[in-house]
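J.: Hey, dropping target_35.cif in here, mmCIF, C-alpha atoms and all ligand atoms:
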```cif
data_run
loop_
_atom_site.label_atom_id
_atom_site.label_comp_id
_atom_site.auth_asym_id
_atom_site.auth_seq_id
_atom_site.Cartn_x
_atom_site.Cartn_y
_atom_site.Cartn_z
CA MET M 2 5.59 23.83 -6.88
CA GLU M 3 8.48 25.65 -5.33
CA ILE M 4 10.88 22.87 -5.99
CA LEU M 5 10.24 22.84 -9.72
CA LYS M 6 11.43 26.42 -10.00
CA LYS M 7 14.97 25.31 -9.18
CA PHE M 8 14.73 23.00 -12.11
CA GLY M 9 15.44 25.82 -14.55
CA ARG M 10 14.78 26.42 -18.17
CA ALA M 11 17.59 24.36 -19.62
CA ALA M 12 16.52 21.26 -17.79
CA ALA M 13 12.91 21.81 -18.85
CA LYS M 14 14.03 22.02 -22.43
CA PHE M 15 15.91 18.77 -21.96
CA ALA M 16 12.94 16.99 -20.43
CA LEU M 17 10.53 18.27 -23.03
CA SER M 18 12.63 17.91 -26.13
CA GLY M 19 10.72 15.93 -28.70
CA ARG M 20 13.61 13.59 -29.17
CA ASN M 21 13.64 12.61 -25.55
CA LEU M 22 9.87 12.08 -25.57
CA LEU M 23 9.82 9.77 -28.54
CA PHE M 24 13.08 7.93 -27.98
CA PRO M 25 14.08 8.57 -24.41
CA GLU M 26 17.79 7.89 -24.37
CA HIS M 27 18.61 9.99 -21.38
CA CYS M 28 17.65 9.57 -17.76
CA TYR M 29 14.89 11.98 -16.77
CA VAL M 30 16.51 12.44 -13.38
CA CYS M 31 20.25 12.90 -13.96
CA GLY M 32 20.35 13.39 -17.73
CA GLU M 33 22.94 10.63 -18.25
CA LYS M 34 22.59 8.37 -21.23
CA ILE M 35 20.60 5.26 -20.33
CA SER M 36 22.54 2.05 -20.53
CA GLY M 37 20.32 -0.28 -18.54
CA ASP M 38 16.61 -0.38 -19.20
CA PHE M 39 14.05 0.74 -16.70
CA GLY M 40 11.19 1.48 -18.99
CA GLN M 41 13.76 3.82 -20.56
CA ILE M 42 12.83 6.53 -18.10
CA VAL M 43 15.56 6.61 -15.49
CA CYS M 44 19.00 5.05 -15.39
CA LEU M 45 19.73 2.13 -13.11
CA ARG M 46 21.75 4.32 -10.76
CA CYS M 47 18.85 6.70 -10.18
CA ARG M 48 16.41 3.82 -9.98
CA ALA M 49 18.52 2.21 -7.29
CA SER M 50 18.84 5.48 -5.39
CA LEU M 51 15.24 6.63 -4.94
CA PRO M 52 15.82 9.35 -2.34
CA VAL M 53 13.71 8.15 0.55
CA PRO M 54 11.41 10.81 2.01
CA GLU M 55 10.74 11.40 5.68
CA SER M 56 8.77 8.68 7.48
CA ARG M 57 4.98 8.51 7.17
CA GLU M 58 4.67 9.53 10.81
CA GLN M 59 6.82 12.60 10.19
CA THR M 60 4.74 13.50 7.14
CA ILE M 61 1.50 13.25 9.09
CA ASN M 62 2.95 15.25 11.98
CA ARG M 63 4.21 18.02 9.72
CA LEU M 64 0.90 18.22 7.86
CA ALA M 65 -0.97 18.26 11.14
CA GLU M 66 1.14 21.24 12.18
CA ILE M 67 0.07 23.05 9.03
CA HIS M 68 -3.60 22.13 9.06
CA GLY M 69 -4.17 21.38 12.72
CA PHE M 70 -4.72 17.79 13.91
CA ASP M 71 -8.48 18.24 13.96
CA ASN M 72 -8.52 19.49 10.38
CA LEU M 73 -6.41 16.77 8.82
CA ASN M 74 -8.85 14.63 6.85
CA PHE M 75 -6.64 11.64 6.09
CA ILE M 76 -5.00 9.11 8.36
CA ASP M 77 -1.94 7.81 6.51
CA ALA M 78 0.26 9.33 3.79
CA PHE M 79 2.56 7.41 1.44
CA CYS M 80 5.27 9.12 -0.61
CA LEU M 81 7.83 7.40 -2.80
CA PHE M 82 10.69 9.88 -3.03
CA SER M 83 11.89 13.30 -2.03
CA PRO M 84 14.31 15.00 -4.44
CA THR M 85 17.87 15.85 -3.51
CA ASP M 86 20.50 17.90 -5.34
CA GLU M 87 22.18 14.71 -6.47
CA PHE M 88 18.92 13.02 -7.48
CA PRO M 89 16.63 15.79 -8.75
CA PHE M 90 13.52 13.67 -9.07
CA GLU M 91 11.38 16.80 -9.56
CA ARG M 92 12.48 16.60 -13.20
CA LEU M 93 10.53 13.40 -13.43
CA ILE M 94 7.39 15.06 -12.10
CA TYR M 95 7.85 17.94 -14.51
CA ALA M 96 8.07 15.59 -17.49
CA LEU M 97 5.04 13.66 -16.23
CA LYS M 98 2.98 16.76 -15.62
CA TYR M 99 3.92 19.02 -18.51
CA GLY M 100 5.88 16.90 -20.95
CA GLY M 101 3.30 14.24 -21.75
CA VAL M 102 5.51 11.42 -20.45
CA THR M 103 2.62 9.55 -18.85
CA LYS M 104 4.70 6.38 -18.70
CA ILE M 105 6.45 7.91 -15.70
CA GLY M 106 3.16 7.74 -13.83
CA GLN M 107 2.74 4.12 -14.78
CA VAL M 108 6.27 2.98 -13.93
CA PHE M 109 6.59 4.85 -10.64
CA GLY M 110 2.95 4.29 -9.74
CA GLU M 111 3.73 0.57 -9.65
CA ILE M 112 6.54 1.14 -7.18
CA LEU M 113 4.35 3.45 -5.09
CA GLY M 114 1.69 0.72 -5.17
CA GLU M 115 4.18 -1.80 -3.80
CA LEU M 116 5.05 0.61 -0.98
CA VAL M 117 1.37 0.96 -0.11
CA LYS M 118 0.81 -2.78 -0.35
CA GLN M 119 3.62 -3.55 2.07
CA ASN M 120 2.75 -0.88 4.61
CA ALA M 121 -0.95 -0.12 4.53
CA GLY M 122 -2.83 -1.05 7.66
CA VAL M 123 -6.14 -1.27 5.81
CA LYS M 124 -7.61 -2.69 2.63
CA TYR M 125 -8.79 0.03 0.27
CA ASP M 126 -12.19 -0.28 -1.37
CA PHE M 127 -10.88 1.81 -4.23
CA VAL M 128 -8.26 4.27 -5.44
CA VAL M 129 -9.09 7.76 -6.74
CA PRO M 130 -6.78 10.19 -8.55
CA VAL M 131 -7.18 13.86 -7.62
CA PRO M 132 -9.40 15.26 -10.39
CA ILE M 133 -8.23 18.20 -12.47
CA HIS M 134 -10.55 20.88 -13.80
CA PRO M 135 -12.02 20.09 -17.26
CA ALA M 136 -10.45 23.26 -18.67
CA LYS M 137 -7.03 22.17 -17.44
CA LYS M 138 -7.56 18.75 -18.94
CA ARG M 139 -8.34 20.39 -22.27
CA GLU M 140 -5.13 22.42 -22.03
CA ARG M 141 -2.89 19.57 -20.95
CA GLY M 142 -4.71 16.71 -22.61
CA TYR M 143 -4.52 14.39 -19.62
CA ASN M 144 -4.57 14.13 -15.85
CA GLN M 145 -1.17 12.85 -14.76
CA SER M 146 -2.54 11.48 -11.49
CA VAL M 147 -4.77 9.03 -13.35
CA TYR M 148 -1.70 7.16 -14.60
CA ILE M 149 -0.22 6.95 -11.12
CA ALA M 150 -3.52 5.93 -9.53
CA ARG M 151 -4.15 3.22 -12.13
CA ALA M 152 -0.78 1.61 -11.48
CA VAL M 153 -1.27 1.86 -7.71
CA SER M 154 -4.72 0.27 -7.93
CA GLU M 155 -3.35 -2.63 -9.96
CA ALA M 156 -0.44 -3.15 -7.56
CA ILE M 157 -2.66 -3.27 -4.48
CA GLY M 158 -5.56 -5.11 -6.13
CA SER M 159 -8.18 -2.42 -5.56
CA ASN M 160 -10.53 -0.81 -8.07
CA LEU M 161 -9.83 2.50 -9.72
CA GLU M 162 -12.65 5.05 -9.61
CA LEU M 163 -12.41 7.99 -12.00
CA ASP M 164 -15.87 9.50 -11.82
CA ILE M 165 -16.84 9.76 -8.18
CA ALA M 166 -15.79 13.39 -7.88
CA ARG M 167 -15.08 16.52 -9.87
CA ARG M 168 -13.07 19.67 -9.46
CA LYS M 169 -15.35 22.68 -9.46
CA GLU M 170 -12.74 25.41 -9.55
CA TYR M 171 -9.84 26.08 -11.84
CA THR M 172 -6.88 26.81 -9.60
CA PHE M 173 -3.63 28.37 -10.70
CA SER M 174 -0.19 27.23 -9.60
CA GLN M 175 0.20 27.27 -5.84
CA THR M 176 3.96 27.73 -6.10
CA LYS M 177 4.08 31.24 -4.77
CA LEU M 178 1.40 30.87 -2.13
CA SER M 179 2.01 30.54 1.59
CA ALA M 180 0.71 27.43 3.37
CA ARG M 181 -2.25 29.42 4.68
CA ASP M 182 -3.09 30.76 1.22
CA ARG M 183 -2.80 27.30 -0.29
CA ILE M 184 -5.37 25.99 2.13
CA PHE M 185 -7.71 28.87 1.29
CA ASN M 186 -7.03 28.53 -2.45
CA VAL M 187 -8.27 24.94 -2.62
CA LYS M 188 -11.03 25.11 -0.03
CA ASN M 189 -14.27 23.57 -1.31
CA ILE M 190 -12.99 23.05 -4.84
CA PHE M 191 -14.00 19.37 -4.96
CA GLU M 192 -17.46 17.89 -5.21
CA VAL M 193 -18.29 14.21 -4.78
CA VAL M 194 -20.87 13.44 -7.46
CA GLN M 195 -21.42 9.76 -6.60
CA ALA M 196 -21.96 9.92 -2.86
CA GLU M 197 -23.60 6.48 -2.82
CA LYS M 198 -20.32 4.92 -3.98
CA VAL M 199 -18.28 6.74 -1.36
CA LYS M 200 -20.46 6.08 1.65
CA ASN M 201 -18.73 4.01 4.34
CA LYS M 202 -15.75 3.27 2.09
CA VAL M 203 -12.03 3.19 2.82
CA ILE M 204 -10.39 5.17 0.02
CA LEU M 205 -6.85 5.91 -1.15
CA LEU M 206 -6.47 9.28 -2.91
CA VAL M 207 -3.54 9.69 -5.30
CA ASP M 208 -1.70 12.79 -6.50
CA ASP M 209 1.68 13.43 -8.11
CA VAL M 210 3.17 15.63 -5.39
CA LEU M 211 2.46 16.20 -1.72
CA THR M 212 3.72 19.55 -0.45
CA THR M 213 1.52 21.17 2.20
CA GLY M 214 -1.15 18.54 1.56
CA SER M 215 -3.74 21.26 0.99
CA THR M 216 -5.18 19.81 -2.21
CA LEU M 217 -5.34 16.25 -0.90
CA ASN M 218 -6.77 17.45 2.39
CA SER M 219 -9.49 19.41 0.61
CA PHE M 220 -10.37 16.38 -1.53
CA ALA M 221 -10.29 14.07 1.50
CA GLY M 222 -12.64 16.43 3.31
CA ALA M 223 -15.12 16.32 0.45
CA CYS M 224 -15.03 12.49 0.56
CA LEU M 225 -15.58 12.43 4.34
CA ASP M 226 -18.47 14.88 3.96
CA ALA M 227 -19.96 12.49 1.42
CA GLY M 228 -19.83 9.68 3.98
CA ALA M 229 -16.45 7.98 3.42
CA ARG M 230 -15.24 6.02 6.45
CA ARG M 231 -11.51 6.59 6.10
CA ILE M 232 -9.17 8.36 3.68
CA ASP M 233 -5.44 7.77 3.15
CA VAL M 234 -3.30 9.50 0.53
CA ALA M 235 -0.39 8.57 -1.71
CA ALA M 236 1.90 10.69 -3.91
CA LEU M 237 5.04 10.03 -5.91
CA MET M 238 6.96 12.97 -4.52
CA ARG M 239 7.19 14.54 -1.10
CA ALA M 240 8.23 18.12 -1.73
ZN ZN F 1 19.90 8.85 -13.79
#
```
Have the structure of the file written as C-alpha cells, please.

T.:
Amino acid sequence: MEILKKFGRAAAKFALSGRNLLFPEHCYVCGEKISGDFGQIVCLRCRASLPVPESREQTINRLAEIHGFDNLNFIDAFCLFSPTDEFPFERLIYALKYGGVTKIGQVFGEILGELVKQNAGVKYDFVVPVPIHPAKKRERGYNQSVYIARAVSEAIGSNLELDIARRKEYTFSQTKLSARDRIFNVKNIFEVVQAEKVKNKVILLVDDVLTTGSTLNSFAGACLDAGARRIDVAALMRA
C-alpha cells in the first residue's frame, strides 16, 4: 500500500504502542487526545470529517481504465474515506491491519454498511470478506476484513459468509508493484469452494482498502466463474 509508506515509523510506533491498544486515549487518525467518545478510536473532529472519496462512478471509471471495461468483474464500488494530509486515515487501516485493533473494522464497518444501505441499487444475498491465506492468518492472527464485513452485513441485514472461498496463493505486499503487475500478481489466487451457495447470487465483497481493485476484481471473477449473478464491492479506504 503506497499510501501507508508515507505513514512513517514514528506514527507506526504510536499506533502500535501497547498502551494505545489497551487503553486508546489518542485518536488513531490525528494523534490528539480523545475527549469525546467514538468507540475510543477517533476523536470527534476526525469522525465528523471523514474525507469523502471520489464518487462511485469515478471509482468504477478509473478501475475500468486500469482493467478494461470488459474485464471489470463488479458493478458498483463503495468506499468510505480517502485519506488527506490533514486527516491521515491510513493510520487507521494500519492499526486495523497490523496492530490488532479489530474494533476499527467493527466501528467503521457499521458506517460503511450505512453507506451501502442508503445507496445500493440491489439487495445482497450475502456479504463476503476477501479471504487471506491461511499462513498469513497464522502470522497475523486474524483477517481484518472479516470485522468490516461482519459490521456491514449487520447494517444492511444480509448474511455473512466466511467459508465460500479460499485464497490459494500467499501474496506479498503489492505496494511496489505497478498496476499491471498487481493484476498479474493476484490472478487466479482465489477459489470458490462452495459453488452451490454462490450460484445465481448477488454478492457484496468487502476489503479494507481499494487501490487498483486488482484483488477485489480477481475475487469477483472467481465468484462470477462459480455462477454468481452480480458482484459489488465495498472497502473502508479508497487509496
Ligand atoms: Zn482525530

J.: Could you tell me, counting all atoms listed in the file, which protein and nucleic acid residues lie no more than 12 Å from ligand ZN 1 (chain F), written as a PyMOL selection string?

T.: chain M and resi 26-39+41-51+87-90+92-93

J.: Only C-alpha atoms, please: the residues just picked out, written as a tab-separated table (two decimals), keeping the file's coordinate frame.

T.:
```tsv
chain	number	residue	atom	x	y	z
M	26	GLU	CA	17.79	7.89	-24.37
M	27	HIS	CA	18.61	9.99	-21.38
M	28	CYS	CA	17.65	9.57	-17.76
M	29	TYR	CA	14.89	11.98	-16.77
M	30	VAL	CA	16.51	12.44	-13.38
M	31	CYS	CA	20.25	12.90	-13.96
M	32	GLY	CA	20.35	13.39	-17.73
M	33	GLU	CA	22.94	10.63	-18.25
M	34	LYS	CA	22.59	8.37	-21.23
M	35	ILE	CA	20.60	5.26	-20.33
M	36	SER	CA	22.54	2.05	-20.53
M	37	GLY	CA	20.32	-0.28	-18.54
M	38	ASP	CA	16.61	-0.38	-19.20
M	39	PHE	CA	14.05	0.74	-16.70
M	41	GLN	CA	13.76	3.82	-20.56
M	42	ILE	CA	12.83	6.53	-18.10
M	43	VAL	CA	15.56	6.61	-15.49
M	44	CYS	CA	19.00	5.05	-15.39
M	45	LEU	CA	19.73	2.13	-13.11
M	46	ARG	CA	21.75	4.32	-10.76
M	47	CYS	CA	18.85	6.70	-10.18
M	48	ARG	CA	16.41	3.82	-9.98
M	49	ALA	CA	18.52	2.21	-7.29
M	50	SER	CA	18.84	5.48	-5.39
M	51	LEU	CA	15.24	6.63	-4.94
M	87	GLU	CA	22.18	14.71	-6.47
M	88	PHE	CA	18.92	13.02	-7.48
M	89	PRO	CA	16.63	15.79	-8.75
M	90	PHE	CA	13.52	13.67	-9.07
M	92	ARG	CA	12.48	16.60	-13.20
M	93	LEU	CA	10.53	13.40	-13.43
```

J.: Residues at most 9 Å from Asp226 in chain M, counting all atoms listed in the file, excluding those fewer than 4 positions away in the same chain, as a short mmCIF file (atom, residue, chain, number, x, y, z; two decimals) with C-alpha atoms, keeping the file's coordinate frame?

T.:
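Listed below is the output, out_34.cif:
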```cif
data_model
loop_
_atom_site.label_atom_id
_atom_site.label_comp_id
_atom_site.auth_asym_id
_atom_site.auth_seq_id
_atom_site.Cartn_x
_atom_site.Cartn_y
_atom_site.Cartn_z
CA VAL M 193 -18.29 14.21 -4.78
CA ALA M 221 -10.29 14.07 1.50
CA GLY M 222 -12.64 16.43 3.31
#
```

J.: One number please: CA of Gly122 in chain M to CA of Ser56 in chain M, in Å, one decimal.

T.: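 One can read the CA of Gly122 in chain M to CA of Ser56 in chain M distance as 15.1 Å.
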
J.: Restricting the calculation to only C-alpha atoms, which member of M:Ile232, M:Val210, M:Ala121, M:Ile204 is positioned closest to Ile149 in chain M?

T.: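 For Ile149 in chain M, the nearest of the candidates is M:Val210.
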
J.: One number please: CA of Glu58 in chain M to CA of Arg183 in chain M, in Å, one decimal.

T.: 22.2 Å

J.: So, counting all atoms listed in the file, which residue among M:Val187, M:Ala136, M:Val123, M:Leu237 is closest to Ser219 in chain M?

T.: M:Val187

J.: Would you mind telling me which residue in M:Glu197, M:Glu111, M:Asp182, M:Glu140 lies nearest to Ile157 in chain M when using only C-alpha atoms?

T.: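 Closest to Ile157 in chain M of all the choices is M:Glu111.
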
J.: Calculated over only C-alpha atoms, which of the candidates M:Lys202, M:Lys177, M:Lys118, M:Lys98 has the smallest distance to Lys138 in chain M?

T.: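 Using only C-alpha atoms, Lys138 in chain M sits closest to M:Lys98.
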
J.: So which residues are close to (-11.5, 8.4, -9.5), meaning at most 8 Å away in the file's coordinates with only C-alpha atoms counted, and can you show them as an MDAnalysis selection string?

T.: chainID M and resid 128:132 147 161:166

J.: Just the residues within 12 Å of Asn72 in chain M, please, counting only C-alpha atoms, with nothing from its chain fewer than 5 positions along; format it as a PyMOL selection string.

T.: chain M and resi 61+64-67+184+214-215+218-219+221-222+225

J.: So, with all atoms listed in the file as the atoms that count, which of M:Ala180, M:Val234, M:Ala150, M:Leu205 lies closest to Thr103 in chain M?

T.: M:Ala150
